[in-house]
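Visitor: One structure follows; several queries about it will come next.
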2 protein chains.
Amino acid sequence: MNEQSCPEFTGLELSPRKVDYLKFILEKGGTVKTTEISSSLKVDPSTTSKTLNELAGAGYLNHVPYKGVDLTELGEVYAEFLVRRHRILSLLLTHYGLSTEEACSEVSRLEAFVSRDAVNKICSAMGHPMVGVCGEITHEKCFHEEHHS
Amino acid sequence: MNEQSCPEFTGLELSPRKVDYLKFILEKGGTVKTTEISSSLKVDPSTTSKTLNELAGAGYLNHVPYKGVDLTELGEVYAEFLVRRHRILSLLLTHYGLSTEEACSEVSRLEAFVSRDAVNKICSAMGHPMVGVCGEITHEKCFHEEHHS
DNA sequence: CAAAAATTTGGGTATACTCCAAAAATAAGC
DNA sequence: GCTTATTTTTGGAGTATACCCAAATTTTTG
């Protein structure tokens with residue numbers, strides 16, 4: 001026991017805003033255009049364009065200029081973690097008297113600073129819940145980490 | 001019910017680092033010197049000096065140049081909230097399989113982004129615990145908010 | 001294929017946080 | 001009490017995040 005879970009990433013790699021971009025791209029699915037992201041995140045398209053470039057440079061996205069972005073394999077794994085983290089933490093807060101909306105907005109503010117290790121421990125302690133307050137919770141990585149070796 | 005609790009502050013006023021300064025100053029107690037803060041937070045004294053000035057400008061500290069700082073009334077109330085927030089959140093995380101050290105370091109990363117409303121709700125849901133994992137939890141404000149009007 | 005729409009680039013602003021070097025003030029030693 | 005040593009502050013500068021505007025570019029459409 002205590003093999004430190006799979007050390008591919010800590011969950012602290014991305015800035016708060018980049019987390020938003022990746023979560024949106026995963027939830028939208030497929031190839032996503034700059035405009036969609038901009039209107040959803042309420043930022044200027046030029047801001048989106050630059051951020052997308054940075055995320056592509058870091059290996060999370062494939063960016064075909066003027067066409068759009070889609071997640072790389074790494075990006076997909078990572079974004080799934082980000083969404084799972086958001087949902088686990090939101091669910092957690094609703095157990096302490098926060099409404100769904102309060103929990104979600106609270107978590108949106110802090111999620112980028114919660115480590116993967118902490119999320120996995122919380123997830124285990126909660127019994128790997130399948131239903132979150134803002135969407136289904138998927139546990140692929142979570143189960144693997146708990147069961148192998 | 002739902003009188004929005006006392007709206008003096010949201011708990012989101014200060015940046016992560018400023019939270020560290022204020023927590024340290026409260027826990028140290030009395031007049032605190034630049035050097036003490038610098039060595040505790042491991043930053044250059046010039047950084048401390050500037051940050052102290054900003055906190056004084058925002059009304060949290062009295063700063064007597066070359067002598068040291070101490071908390072204003074606002075600063076004291078606020079810093080007590082900051083310490084309580086840290087302890088409530090740390091205690092919370094230890095209920096989910098995190099060790100004291102893990103909980104504390106996790107919370108240190110995210111605490112600045114947790115609202116006072118959320119802390120008060122969590123605090124109530126936990127039954128206003130008096131003993132945290134990294135120190136006693138005081139509930140002055142918490143009780144007042146829950147009981148009046 | 002020209003006009004419209006989307007996207008990117010270049011340039012700039014703001015906040016947070018940091019350090020170094022030099023100036024200023026306080027504290028200590030003789 | 002005055003000179004040295006220490007502490008603190010100031011000035012200058014750098015990095016990272018995050019944002020916008022205007023202009024250039026590319027794609028799409030009528």
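In the structure tokens, chains take letters A, B, ... by order of appearance, with residues numbered from 1 within each chain and ligands from 1 in the order shown.
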Each residue of chain A with at least one atom at most 9 Å from chain D should appear once, together with its nearest atom pair and the corresponding distance in Å (one decimal); atoms considered: only C-alpha atoms (C1' of nucleotides); ordering: chain, then increasing residue number; output as a Markdown table.

Guide:
```
| residue | atom | partner | partner_atom | distance |
| --- | --- | --- | --- | --- |
| A:Ser15 | CA | D:DT17 | C1' | 7.7 |
| A:Arg17 | CA | D:DA18 | C1' | 8.0 |
| A:Val43 | CA | D:DC19 | C1' | 7.8 |
| A:Asp44 | CA | D:DC20 | C1' | 7.0 |
| A:Ser46 | CA | D:DC20 | C1' | 8.4 |
| A:Thr47 | CA | D:DC19 | C1' | 7.0 |
| A:Tyr66 | CA | D:DT26 | C1' | 6.9 |
| A:Lys67 | CA | D:DT27 | C1' | 8.6 |
```

Visitor: For the structure I just gave you, how does DSSP split chain B - specifically, which residues are helix (DSSP H, G or I)? Reply as a ChimeraX atom specification.

Guide: /B:16-28,34-41,45-57,73-94,100-113,116-125,140-147

Visitor: Once you count only C-alpha atoms, which residues of chain B turn out to be within 6 Å of chain A? Could you give them as a list of chain:residue names?

Guide: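 Residues passing the distance filter: B:Tyr96, B:Gly97, B:Arg109, B:Leu110, B:Phe113, B:Lys121, B:Ile122, B:Ala125.
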
Visitor: If you count only C-alpha atoms (C1' of nucleotides), which residues fall within 12 Å of A:Asn53, apart from same-chain ones fewer than 5 positions away, as number ranges by chain?

Guide: A: 18, 21, 34, 46-48, 58-66, 68-70; C: 8

Visitor: Considering only C-alpha atoms, state which residue in the set A:Lys42, A:Lys50, A:Arg116, A:Arg84 is at the smallest distance from A:Lys23.

Guide: A:Arg84

Visitor: Nearest residue to chain C out of A:Glu101, A:Glu36, A:Glu73, A:Glu80, using only C-alpha atoms (C1' of nucleotides)?

Guide: A:Glu36

Visitor: Residues of chain C within 10 Å of chain B, using only C-alpha atoms (C1' of nucleotides), as a list in words?

Guide: DT15, DA16, DC17, DT18, DC19, DC20, DA24, DA25 and DT26 of chain C

Visitor: Write out the residues from the selection above, keeping C-alpha atoms (C1' of nucleotides), as a compact mmCIF listing (two decimals), in the first residue's frame.

Guide:
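Result went into part-v3.txt, see below:
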```txt
# COMPACT_ATOMS: atom_id res chain seq x y z
C1' DT C 15 -2.65 42.17 -10.41
C1' DA C 16 0.11 39.11 -7.68
C1' DC C 17 4.37 37.83 -6.16
C1' DT C 18 9.11 37.82 -6.21
C1' DC C 19 14.29 39.32 -5.92
C1' DC C 20 18.44 42.38 -5.95
C1' DA C 24 17.66 55.06 5.21
C1' DA C 25 16.75 54.22 10.03
C1' DT C 26 17.45 51.80 14.20
```

Visitor: Could you state the separation of atom C1' of C:DA22 and atom CA of B:Thr31 in Å, given to one decimal place?

Guide: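 Atom C1' of C:DA22 sits 27.3 Å away from atom CA of B:Thr31.
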
Visitor: Calculate how many Å separate atom CA of A:Met130 from atom CA of A:Cys104, rounding to one decimal.

Guide: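 So the two atoms, atom CA of A:Met130 and atom CA of A:Cys104, lie 16.9 Å apart.
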
Visitor: In Å, how far is it from atom CA of B:Leu91 to atom CA of B:Gly132?

Guide: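 Distance between the two atoms: 5.5 Å.
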
Visitor: Among the residues of stretch 2-149 of chain A, find those DSSP assigns to strand (DSSP E) from the backbone and print them as a VMD selection string.

Guide: chain A and resid 61 to 64 68 to 71
